[in-house]
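Asker: Enclosed is the structure file query-v9.txt (compact mmCIF, C-alpha atoms).
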```
# COMPACT_ATOMS: atom_id res chain seq x y z
CA MET J 1 120.79 204.90 110.19
CA THR J 2 118.86 206.45 113.07
CA ARG J 3 116.62 203.34 113.19
CA VAL J 4 119.35 200.76 112.65
CA ILE J 5 121.26 201.54 115.85
CA PRO J 6 118.24 201.19 118.23
CA MET J 7 117.22 197.96 116.44
CA ALA J 8 120.75 196.59 116.80
CA ARG J 9 120.75 197.47 120.49
CA ALA J 10 117.38 195.79 120.98
CA ALA J 11 118.59 192.64 119.18
CA TRP J 12 121.77 192.54 121.26
CA ARG J 13 119.75 193.01 124.44
CA TRP J 14 117.58 190.05 123.45
CA LEU J 15 120.48 187.81 122.50
CA ALA J 16 122.32 188.64 125.73
CA VAL J 17 119.45 187.06 127.68
CA LEU J 18 118.09 184.47 125.24
CA VAL J 19 121.30 182.62 124.37
CA PRO J 20 122.58 182.15 127.97
CA MET J 21 119.07 181.03 128.96
CA ALA J 22 119.02 178.43 126.17
CA VAL J 23 122.52 177.22 127.11
CA ALA J 24 121.36 176.83 130.72
CA VAL J 25 118.27 174.87 129.63
CA GLY J 26 120.37 172.64 127.37
CA THR J 27 122.84 171.98 130.17
CA ALA J 28 120.06 171.19 132.63
CA SER J 29 118.44 168.91 130.06
CA ALA J 30 121.66 166.96 129.59
CA GLY J 31 121.99 166.52 133.34
CA PHE J 32 118.37 165.47 133.58
CA LEU J 33 118.71 162.85 130.82
CA TRP J 34 121.82 161.39 132.45
CA SER J 35 120.22 161.29 135.89
CA LEU J 36 117.00 159.79 134.51
CA ASP J 37 118.98 157.01 132.86
CA ALA J 38 120.90 156.44 136.11
CA VAL J 39 117.82 156.17 138.38
CA THR J 40 116.11 153.86 135.88
CA ARG J 41 119.08 151.49 135.85
CA LEU J 42 119.24 151.70 139.64
CA ARG J 43 115.60 150.57 139.83
CA PHE J 44 116.40 147.67 137.51
CA SER J 45 119.15 146.61 139.91
CA HIS J 46 116.94 147.03 142.99
CA PRO J 47 113.35 146.02 142.11
CA TRP J 48 112.31 146.45 145.75
CA LEU J 49 112.37 150.23 145.21
CA LEU J 50 108.85 149.90 143.79
CA TRP J 51 107.57 149.24 147.31
CA LEU J 52 108.77 152.71 148.31
CA LEU J 53 106.62 154.43 145.67
CA PRO J 54 103.83 155.48 148.10
CA ALA J 55 106.36 156.92 150.57
CA ALA J 56 108.25 158.65 147.74
CA GLY J 57 105.01 160.19 146.49
CA PHE J 58 104.22 161.46 149.97
CA GLY J 59 107.68 163.00 150.28
CA VAL J 60 107.49 164.84 146.97
CA GLY J 61 103.93 166.01 147.67
CA TRP J 62 104.94 167.30 151.11
CA VAL J 63 107.92 169.20 149.70
CA TYR J 64 105.72 170.84 147.08
CA ARG J 65 103.11 171.81 149.67
CA LYS J 66 105.75 173.18 152.04
CA TRP J 67 108.03 175.02 149.61
CA GLY J 68 106.51 174.83 146.15
CA LEU J 69 104.43 178.04 146.25
CA HIS J 70 102.27 177.79 143.10
CA ALA J 71 104.81 175.59 141.24
CA GLU J 72 102.50 172.67 142.04
CA ARG J 73 100.26 173.84 139.17
CA GLY J 74 103.01 172.90 136.72
CA ASN J 75 102.23 173.18 133.03
CA ALA J 76 98.90 174.90 133.70
CA LEU J 77 100.74 177.73 135.45
CA LEU J 78 103.22 178.08 132.58
CA ILE J 79 100.46 178.28 129.97
CA GLU J 80 98.48 180.75 132.06
CA GLU J 81 101.47 183.06 132.54
CA ILE J 82 102.35 182.98 128.84
CA ARG J 83 98.79 183.72 127.79
CA ARG J 84 98.28 186.45 130.37
CA PRO J 85 98.32 189.85 128.61
CA GLY J 86 99.52 191.70 131.72
CA PRO J 87 101.77 191.00 134.71
CA GLY J 88 100.78 188.10 136.95
CA PRO J 89 102.17 186.24 139.96
CA GLY J 90 104.89 184.82 137.73
CA VAL J 91 106.58 181.46 137.34
CA PRO J 92 108.72 180.63 140.40
CA VAL J 93 112.35 179.83 139.63
CA ARG J 94 112.14 176.93 142.08
CA MET J 95 109.81 175.15 139.60
CA ALA J 96 112.88 173.83 137.73
CA PRO J 97 114.74 172.05 140.58
CA LEU J 98 111.52 170.84 142.19
CA VAL J 99 110.18 169.15 139.05
CA TRP J 100 113.62 167.72 138.26
CA ALA J 101 113.92 166.11 141.71
CA GLY J 102 110.27 165.03 141.78
CA THR J 103 110.55 163.32 138.40
CA LEU J 104 113.70 161.45 139.37
CA VAL J 105 112.01 160.19 142.55
CA THR J 106 108.99 159.05 140.53
CA HIS J 107 111.17 157.05 138.12
CA LEU J 108 113.47 155.71 140.81
CA CYS J 109 110.50 154.03 142.46
CA GLY J 110 108.76 152.88 139.27
CA GLY J 111 106.02 155.42 138.64
CA SER J 112 104.79 155.28 135.03
CA ALA J 113 105.39 158.90 134.08
CA GLY J 114 107.19 160.78 131.34
CA ARG J 115 109.64 163.63 131.04
CA GLU J 116 107.77 166.24 128.98
CA GLY J 117 106.34 167.94 132.06
CA THR J 118 109.85 168.14 133.45
CA ALA J 119 111.20 169.50 130.17
CA LEU J 120 108.58 172.24 129.94
CA GLN J 121 108.69 173.24 133.60
CA MET J 122 112.48 173.08 133.77
CA GLY J 123 112.70 175.33 130.73
CA GLY J 124 110.04 177.65 132.12
CA GLY J 125 111.66 177.86 135.55
CA ILE J 126 115.08 178.66 134.11
CA ALA J 127 113.52 181.19 131.73
CA ALA J 128 111.78 182.81 134.70
CA ALA J 129 115.17 183.41 136.31
CA PHE J 130 116.44 185.16 133.17
CA ALA J 131 113.15 187.01 132.70
CA ARG J 132 114.00 189.08 135.75
CA PHE J 133 116.33 191.04 133.50
CA ARG J 134 113.28 192.05 131.42
CA LYS J 135 110.70 192.31 134.21
CA ASP J 136 109.81 195.84 133.07
CA ASP J 137 108.43 194.40 129.81
CA PRO J 138 105.57 191.86 130.24
CA VAL J 139 105.67 190.95 126.54
CA ALA J 140 109.38 190.14 126.76
CA VAL J 141 108.73 187.98 129.83
CA ARG J 142 106.07 186.01 127.95
CA LEU J 143 108.41 185.53 125.00
CA LEU J 144 111.21 184.30 127.26
CA LEU J 145 108.89 181.82 128.96
CA MET J 146 107.79 180.51 125.56
CA ALA J 147 111.41 180.26 124.44
CA GLY J 148 112.26 178.37 127.64
CA VAL J 149 109.46 175.87 126.97
CA ALA J 150 110.62 175.41 123.35
CA ALA J 151 114.21 174.96 124.55
CA GLY J 152 113.25 172.37 127.16
CA PHE J 153 111.11 170.34 124.75
CA GLY J 154 113.69 170.50 121.96
CA ALA J 155 116.62 169.54 124.17
CA VAL J 156 115.00 166.70 126.14
CA PHE J 157 113.43 165.02 123.09
CA GLY J 158 116.17 165.93 120.61
CA THR J 159 113.61 167.65 118.34
CA PRO J 160 114.29 171.42 118.22
CA LEU J 161 111.94 172.10 115.30
CA ALA J 162 109.09 170.27 117.04
CA GLY J 163 109.91 172.15 120.24
CA THR J 164 109.56 175.44 118.39
CA VAL J 165 106.28 174.50 116.72
CA PHE J 166 104.94 172.99 119.96
CA ALA J 167 105.48 176.26 121.83
CA LEU J 168 103.74 178.24 119.09
CA GLU J 169 100.87 175.79 118.58
CA VAL J 170 100.01 174.98 122.19
CA LEU J 171 100.89 178.09 124.19
CA VAL J 172 99.47 181.01 122.21
CA SER J 173 97.26 181.95 119.29
CA GLY J 174 96.99 184.87 116.89
CA ARG J 175 99.69 187.30 115.88
CA PHE J 176 101.80 186.65 118.97
CA ARG J 177 102.96 183.46 117.28
CA LEU J 178 104.88 185.42 114.64
CA ARG J 179 106.63 187.51 117.26
CA ALA J 180 107.58 184.37 119.19
CA LEU J 181 108.84 182.35 116.22
CA LEU J 182 112.43 183.63 116.14
CA PRO J 183 113.17 183.54 119.90
CA CYS J 184 111.56 180.10 120.28
CA GLY J 185 113.42 178.70 117.28
CA LEU J 186 116.77 180.12 118.35
CA ALA J 187 116.35 178.94 121.95
CA ALA J 188 115.36 175.43 120.88
CA MET J 189 118.33 175.11 118.52
CA VAL J 190 120.85 176.44 121.05
CA ALA J 191 119.48 174.24 123.86
CA HIS J 192 119.50 171.16 121.63
CA GLY J 193 123.06 171.86 120.48
CA THR J 194 124.17 172.42 124.06
CA CYS J 195 122.58 169.16 125.20
CA LEU J 196 124.33 167.26 122.40
CA GLY J 197 127.56 169.10 123.15
CA TRP J 198 127.51 167.71 126.67
CA GLY J 199 127.27 164.20 125.18
CA ALA J 200 123.69 163.46 126.22
CA GLY J 201 122.06 160.97 123.87
CA HIS J 202 118.49 160.27 122.81
CA ALA J 203 116.71 157.02 122.06
CA VAL J 204 116.73 156.02 118.39
CA TYR J 205 113.57 154.70 116.75
CA ARG J 206 114.03 153.17 113.31
CA VAL J 207 111.65 152.83 110.38
CA ALA J 208 113.44 150.56 107.91
CA ALA J 209 112.23 152.17 104.67
CA LEU J 210 113.19 155.77 103.97
CA GLU J 211 109.71 156.30 102.56
CA PHE J 212 106.64 154.35 101.47
CA PRO J 213 104.91 154.76 98.10
CA LEU J 214 101.67 156.75 97.98
CA ASP J 215 99.51 153.68 97.70
CA PRO J 216 95.76 154.48 98.12
CA LEU J 217 95.19 151.24 100.03
CA LEU J 218 98.00 151.97 102.48
CA PHE J 219 96.79 155.56 102.83
CA GLY J 220 93.31 154.32 103.70
CA LYS J 221 94.77 152.04 106.35
CA VAL J 222 96.73 154.98 107.76
CA LEU J 223 93.53 156.99 108.16
CA MET J 224 91.70 154.10 109.82
CA ALA J 225 94.57 153.60 112.26
CA ALA J 226 94.67 157.36 112.87
CA ALA J 227 91.09 157.21 114.10
CA ALA J 228 92.14 154.63 116.69
CA PHE J 229 95.13 156.75 117.71
CA GLY J 230 92.95 159.84 118.07
CA LEU J 231 90.37 158.02 120.18
CA ALA J 232 93.15 156.58 122.37
CA GLY J 233 94.63 160.07 122.87
CA ALA J 234 91.24 161.52 123.80
CA ALA J 235 90.53 158.59 126.13
CA PHE J 236 93.89 159.07 127.81
CA ALA J 237 93.34 162.80 128.35
CA GLY J 238 89.80 162.29 129.62
CA SER J 239 90.75 159.38 131.89
CA THR J 240 93.67 161.27 133.41
CA ARG J 241 91.43 164.23 134.14
CA LEU J 242 88.72 162.04 135.69
CA VAL J 243 91.23 160.15 137.85
CA ALA J 244 92.84 163.39 139.02
CA GLU J 245 89.43 164.83 139.91
CA GLY J 246 88.56 161.63 141.76
CA PHE J 247 91.75 161.80 143.81
CA ARG J 248 91.09 165.48 144.63
CA ARG J 249 87.53 164.77 145.69
CA LEU J 250 88.31 161.71 147.80
CA ILE J 251 91.67 162.79 149.26
CA PRO J 252 91.81 166.51 150.16
CA ARG J 253 95.48 166.51 151.25
CA THR J 254 97.70 166.78 148.18
CA GLU J 255 100.60 164.78 149.61
CA MET J 256 98.32 161.82 150.40
CA ARG J 257 97.08 161.40 146.81
CA PRO J 258 100.38 159.94 145.54
CA VAL J 259 100.33 157.52 148.47
CA ALA J 260 97.05 156.07 147.24
CA GLY J 261 98.28 156.24 143.65
CA GLY J 262 101.50 154.44 144.54
CA LEU J 263 99.55 151.63 146.20
CA LEU J 264 97.39 151.30 143.08
CA VAL J 265 100.49 151.13 140.85
CA ILE J 266 101.86 148.32 143.03
CA ALA J 267 98.52 146.51 142.75
CA LEU J 268 98.60 146.89 138.96
CA PHE J 269 102.14 145.50 138.90
CA LEU J 270 101.07 142.48 140.93
CA GLY J 271 98.02 142.05 138.69
CA CYS J 272 99.82 142.10 135.35
CA GLY J 273 102.93 140.29 136.59
CA SER J 274 105.34 142.44 134.59
CA ALA J 275 107.59 145.38 135.41
CA ASP J 276 107.71 146.48 131.76
CA TYR J 277 104.95 149.06 132.28
CA LEU J 278 106.71 150.83 135.14
CA GLY J 279 108.89 153.87 134.61
CA LEU J 280 109.51 155.66 131.33
CA GLY J 281 109.24 152.60 129.08
CA VAL J 282 112.29 153.40 126.94
CA LEU J 283 114.88 151.15 128.62
CA GLY J 284 114.43 147.47 129.46
CA ASN J 285 116.10 145.25 132.03
CA ARG J 286 116.28 142.24 129.69
CA PRO J 287 116.54 141.65 125.93
CA ASP J 288 112.88 140.66 125.49
CA ALA J 289 111.47 143.52 127.57
CA VAL J 290 108.47 145.41 126.21
CA THR J 291 109.98 148.84 125.52
CA LEU J 292 109.25 151.74 123.22
CA PRO J 293 112.13 150.96 120.80
CA ALA J 294 110.96 147.34 120.63
CA MET J 295 107.63 148.48 119.14
CA PHE J 296 109.38 149.20 115.82
CA GLY J 297 110.42 145.59 115.28
CA ALA J 298 108.54 142.40 114.56
CA GLY J 299 109.15 141.00 118.03
CA ASP J 300 106.53 139.51 120.31
CA ILE J 301 104.76 142.58 121.72
CA PRO J 302 101.60 141.65 123.68
CA ALA J 303 98.42 143.03 122.14
CA SER J 304 97.49 144.37 125.58
CA ALA J 305 100.76 146.31 126.03
CA TRP J 306 99.24 149.65 125.05
CA LEU J 307 96.32 149.17 127.47
CA TRP J 308 98.51 148.21 130.41
CA LYS J 309 100.73 151.26 129.89
CA PHE J 310 97.60 153.38 129.53
CA VAL J 311 96.26 152.30 132.92
CA PHE J 312 99.61 152.49 134.73
CA THR J 313 100.19 156.02 133.45
CA VAL J 314 96.69 157.35 134.09
CA VAL J 315 96.95 156.24 137.73
CA THR J 316 100.49 157.60 138.17
CA VAL J 317 99.86 161.00 136.60
CA GLY J 318 96.33 161.35 137.95
CA ALA J 319 97.63 160.78 141.49
CA GLY J 320 100.01 163.73 141.14
CA PHE J 321 103.40 162.11 140.52
CA LYS J 322 105.82 164.35 138.61
CA GLY J 323 107.18 163.83 135.11
CA GLY J 324 104.34 164.31 132.67
CA GLU J 325 102.63 161.93 130.31
CA VAL J 326 104.07 162.35 126.82
CA THR J 327 106.70 159.57 126.67
CA PRO J 328 104.19 157.04 128.03
CA LEU J 329 101.81 158.38 125.36
CA PHE J 330 104.47 157.61 122.75
CA PHE J 331 104.68 154.08 124.19
CA ILE J 332 100.90 153.65 124.08
CA GLY J 333 100.61 154.92 120.52
CA ALA J 334 103.54 152.89 119.21
CA ALA J 335 102.27 149.74 120.95
CA LEU J 336 98.78 150.28 119.51
CA GLY J 337 100.32 150.76 116.05
CA ASN J 338 102.36 147.59 116.52
CA THR J 339 99.15 145.72 117.36
CA LEU J 340 97.08 147.17 114.50
CA ALA J 341 99.69 146.70 111.76
CA PRO J 342 99.52 142.87 111.42
CA VAL J 343 95.72 142.96 111.58
CA MET J 344 95.57 145.55 108.80
CA GLY J 345 98.39 144.05 106.74
CA ALA J 346 100.56 147.15 107.13
CA PRO J 347 104.27 147.71 107.94
CA VAL J 348 104.81 147.36 111.68
CA ASP J 349 107.53 149.98 111.96
CA LEU J 350 105.56 152.58 109.98
CA PHE J 351 102.41 152.10 112.05
CA ALA J 352 104.41 152.22 115.29
CA ALA J 353 105.82 155.56 114.13
CA LEU J 354 102.37 156.83 113.16
CA GLY J 355 100.94 155.80 116.52
CA PHE J 356 103.89 157.42 118.30
CA ALA J 357 103.15 160.81 116.70
CA ALA J 358 99.39 160.67 116.14
CA ILE J 359 98.40 159.85 119.71
CA PHE J 360 100.45 162.88 120.75
CA ALA J 361 98.40 164.97 118.31
CA GLY J 362 95.16 163.59 119.72
CA ALA J 363 96.12 164.24 123.33
CA THR J 364 97.77 167.66 122.91
CA LYS J 365 95.67 169.09 120.04
CA ALA J 366 98.96 169.97 118.33
CA PRO J 367 98.91 168.10 114.99
CA LEU J 368 101.52 170.30 113.32
CA ALA J 369 104.04 169.90 116.14
CA SER J 370 103.32 166.16 116.17
CA THR J 371 103.96 165.90 112.44
CA VAL J 372 107.23 167.81 112.73
CA LEU J 373 108.21 165.64 115.72
CA GLY J 374 107.61 162.50 113.65
CA MET J 375 109.60 163.83 110.71
CA GLU J 376 112.56 164.74 112.95
CA LEU J 377 112.55 161.31 114.59
CA PHE J 378 111.62 159.03 111.68
CA GLY J 379 112.63 160.96 108.57
CA ALA J 380 111.05 163.55 106.29
CA GLY J 381 110.22 160.82 103.75
CA HIS J 382 107.33 159.75 105.97
CA GLY J 383 105.97 163.29 106.22
CA LEU J 384 102.79 162.78 104.20
CA HIS J 385 101.71 159.68 106.12
CA LEU J 386 102.61 161.35 109.42
CA ALA J 387 100.67 164.49 108.56
CA ALA J 388 97.62 162.49 107.49
CA ALA J 389 97.71 160.43 110.69
CA CYS J 390 98.30 163.39 113.02
CA PHE J 391 95.65 165.69 111.56
CA ALA J 392 93.11 162.86 111.29
CA ALA J 393 93.80 161.85 114.91
CA ARG J 394 93.35 165.46 116.01
CA LEU J 395 90.03 165.65 114.17
CA VAL J 396 88.73 162.44 115.73
CA SER J 397 89.95 163.23 119.27
CA GLY J 398 87.55 166.09 119.99
CA ASN J 399 88.37 168.92 122.38
CA VAL J 400 89.55 167.13 125.53
CA GLY J 401 93.34 167.30 125.85
CA ILE J 402 96.06 167.06 128.43
CA TYR J 403 96.65 170.84 128.43
CA PRO J 404 94.26 173.74 129.10
CA SER J 405 92.12 174.75 126.12
CA HIS J 406 93.97 176.41 123.30
CA HIS J 407 91.13 178.91 123.00
CA SER J 408 91.51 180.49 126.41
CA PRO J 409 90.25 184.09 126.60
CA ALA J 410 93.70 185.09 127.80
CA ALA J 411 95.28 183.73 124.68
CA GLY J 412 94.67 186.76 122.57
CA GLY J 413 97.03 187.88 119.87
CA ARG J 414 96.97 191.64 120.42
CA ASP J 415 100.68 191.91 121.01
```
Can you give me the file's structure in the form of structure tokens?
Answerer:
Amino acid sequence: MTRVIPMARAAWRWLAVLVPMAVAVGTASAGFLWSLDAVTRLRFSHPWLLWLLPAAGFGVGWVYRKWGLHAERGNALLIEEIRRPGPGPGVPVRMAPLVWAGTLVTHLCGGSAGREGTALQMGGGIAAAFARFRKDDPVAVRLLLMAGVAAGFGAVFGTPLAGTVFALEVLVSGRFRLRALLPCGLAAMVAHGTCLGWGAGHAVYRVAALEFPLDPLLFGKVLMAAAAFGLAGAAFAGSTRLVAEGFRRLIPRTEMRPVAGGLLVIALFLGCGSADYLGLGVLGNRPDAVTLPAMFGAGDIPASAWLWKFVFTVVTVGAGFKGGEVTPLFFIGAALGNTLAPVMGAPVDLFAALGFAAIFAGATKAPLASTVLGMELFGAGHGLHLAAACFAARLVSGNVGIYPSHHSPAAGGRD
């Protein structure tokens, strides 16, 4: 009895911070999804907004330089603070509103970016505000930041289990994962439920069959396609890093890099003659638009769609526009799967789904989270094919990813 009461008090103290934090992240995620949909439709109605992309990039870069503190470091800062065994400079609360506004500006003017960076940083920024109640306990602060990341990922993508596994697989290693499992899982579930409770919806991607038979020939084709997905993920991560380094070397002022990047995006648009590779890539402004949901059908998707989106996104993200790269990665992987399927005599919708998840595994080095993500989105019946594709893509992709190395010295599991 003497041990039960302190444990109950500790659990209540945790829940009193964790649950309101997750509700706040879920509410912010719902607002973000609504506003992202609104600015995308506004850009469809006013295509001339693309010409403002360089000026918009300058404005966001200037705001970050003036008021961002170290929030400009984004996901790298979050990962560093979570892995740090002792107290550090901390995650600024202003990270959440800054990345929200910066992402909306990017999408309003047609930048080819995602929403994962926003989800993670929004969750981390909100968690940082609640972590002030536990600032005397560095371990509790790290756990809250991880839970905020899991909540943001789970709510924005509608995949709370993947959000939980993503936080555990990407952010830490060792025994700390076990300690973080319950708070991350609870936060992701509460945030996802809150987001749905507000009426925010998520895109639906359909694979017609509930499952495919374990045919050795099909399985071999899955592994061959997975190699392509893994190489594409590694190429994307490496290209984004090289482009970002090139911008930093050639343009010292941070707010001027998006200006150059915005001009390059406009040039790419003029070169390809299509607006389908601008923005998130989920919504289209016409029935035959090349969009992410369209990859799961037998429609006329250009074989070069994945490459165009690849280049648009590498330039946008490498130049410093806000939003992240994961949803464009989903587009690239699904488009590549859509292209490979007819050549290999495989189901188009299945290979689009495999590309969707496996390129994420190759770029993030998180094959387990990618498998869980695919099962939540496409159905558990495809779990074996998804797992094979994601783990094979991770194996082929090497060690270059879009996040700092998972084997950072600060990532110890002593706690």
Asker: Have a look at J:Gly281, J:Pro258, J:Gly318, J:Gly163 and name the one nearest to Gly57 of chain J; count only C-alpha atoms.
Answerer: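 Checking each of J:Gly281, J:Pro258, J:Gly318, J:Gly163 against Gly57 of chain J, counting only C-alpha atoms, the winner is J:Pro258.
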Asker: Just give me the gap between atom CA of Leu69 of chain J and atom CA of Pro92 of chain J in Å, one decimal is fine.
Answerer: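 Taking atom CA of Leu69 of chain J and atom CA of Pro92 of chain J, their separation equals 7.7 Å.
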Asker: At a cut-off of 8 Å, using only C-alpha atoms, what residues contact Val315 of chain J? Leave out same-chain residues fewer than 4 positions from it and give the result as number ranges by chain.
Answerer: J: 240, 243, 261, 264-265, 311, 319
Asker: List every residue of segment 148-202 of chain J that has an atom at most 7 Å from any atom of segment 123-134 of chain J, giving for each one its closest atom pair and the distance in Å to one decimal, counting only C-alpha atoms, sorted by chain and then by ascending residue number, as a Markdown table.
Answerer:
```
| residue | atom | partner | partner_atom | distance |
| --- | --- | --- | --- | --- |
| J:Gly148 | CA | J:Gly123 | CA | 4.4 |
| J:Val149 | CA | J:Gly123 | CA | 5.0 |
| J:Ala151 | CA | J:Gly123 | CA | 6.4 |
| J:Gly152 | CA | J:Gly123 | CA | 4.7 |
```
Asker: Which value, in Å to one decimal, gives the distance between atom CA of Ala366 of chain J and atom CA of Leu292 of chain J?
Answerer: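 These two atoms are separated by 21.5 Å.
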Asker: Considering only C-alpha atoms, return as a VMD selection string whatever protein or nucleic-acid residues lie within 10 Å of Val60 of chain J, sequence-local ones (same chain, fewer than 6 positions apart) excluded.
Answerer: chain J and resid 66 98 to 99 101 to 103 105 to 106 255 258 320 to 322
Asker: Store the residues of this selection in a file with C-alpha atoms, as an mmCIF file, in the coordinates of the input.
Answerer:
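In the end it all went to result09.cif:
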```cif
data_model
loop_
_atom_site.group_PDB
_atom_site.id
_atom_site.type_symbol
_atom_site.label_atom_id
_atom_site.label_comp_id
_atom_site.auth_asym_id
_atom_site.auth_seq_id
_atom_site.Cartn_x
_atom_site.Cartn_y
_atom_site.Cartn_z
ATOM 1 C CA LYS J 66 105.750 173.180 152.040
ATOM 2 C CA LEU J 98 111.520 170.840 142.190
ATOM 3 C CA VAL J 99 110.180 169.150 139.050
ATOM 4 C CA ALA J 101 113.920 166.110 141.710
ATOM 5 C CA GLY J 102 110.270 165.030 141.780
ATOM 6 C CA THR J 103 110.550 163.320 138.400
ATOM 7 C CA VAL J 105 112.010 160.190 142.550
ATOM 8 C CA THR J 106 108.990 159.050 140.530
ATOM 9 C CA GLU J 255 100.600 164.780 149.610
ATOM 10 C CA PRO J 258 100.380 159.940 145.540
ATOM 11 C CA GLY J 320 100.010 163.730 141.140
ATOM 12 C CA PHE J 321 103.400 162.110 140.520
ATOM 13 C CA LYS J 322 105.820 164.350 138.610
#
```
Asker: Give the answer as one residue: which of J:Ala353, J:Val290, J:Val343, J:Leu33 has the shortest atom-to-atom distance to Gly114 of chain J, using all atoms listed in the file?
Answerer: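 Smallest separation from Gly114 of chain J among the options: J:Leu33.
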Asker: Taking only C-alpha atoms into account, which of J:Leu329, J:Leu223, J:Cys195, J:Leu182 comes nearest Leu384 of chain J?
Answerer: J:Leu223
Asker: Could you check which of J:Asn75, J:Ser112, J:Lys221, J:Ala352 is closest to Trp308 of chain J, using only C-alpha atoms?
Answerer: J:Ser112
Asker: Give me the residues near Leu53 of chain J as a PyMOL selection string, where near means some atom within 7 Å (using all atoms listed in the file) and where sequence neighbours in that chain fewer than 4 positions away do not count.
Answerer: chain J and resi 57+109-110+262
Asker: For the residues in that selection, give me C-alpha atoms as a short mmCIF file (atom, residue, chain, number, x, y, z; two decimals), in the coordinates of the input.
Answerer:
```cif
data_model
loop_
_atom_site.label_atom_id
_atom_site.label_comp_id
_atom_site.auth_asym_id
_atom_site.auth_seq_id
_atom_site.Cartn_x
_atom_site.Cartn_y
_atom_site.Cartn_z
CA GLY J 57 105.01 160.19 146.49
CA CYS J 109 110.50 154.03 142.46
CA GLY J 110 108.76 152.88 139.27
CA GLY J 262 101.50 154.44 144.54
#
```
Asker: Find the residue from J:Val400, J:Met256, J:Cys272, J:Ala346 that sits nearest to Pro54 of chain J; use all atoms listed in the file when measuring.
Answerer: J:Met256
Asker: Could you tell me how far atom CA of Asp276 of chain J lies from atom CA of Phe351 of chain J, in Å and to one decimal?
Answerer: 21.2 Å
Asker: Which residue out of J:Arg257, J:Ala55, J:Gly323, J:Ala244 has the minimum interatomic distance to Ala119 of chain J when all atoms listed in the file are used?
Answerer: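 Residue with the minimum atom-to-atom distance to Ala119 of chain J: J:Gly323.
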Asker: Find the residues near Gly381 of chain J: any atom within 10 Å, counting all atoms listed in the file, skip ones fewer than 6 places away on the same chain, and give them as a list of chain:residue names.
Answerer: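 Selected residues are J:Ala209, J:Leu210, J:Glu211, J:Phe212, J:Pro213, J:Met375.
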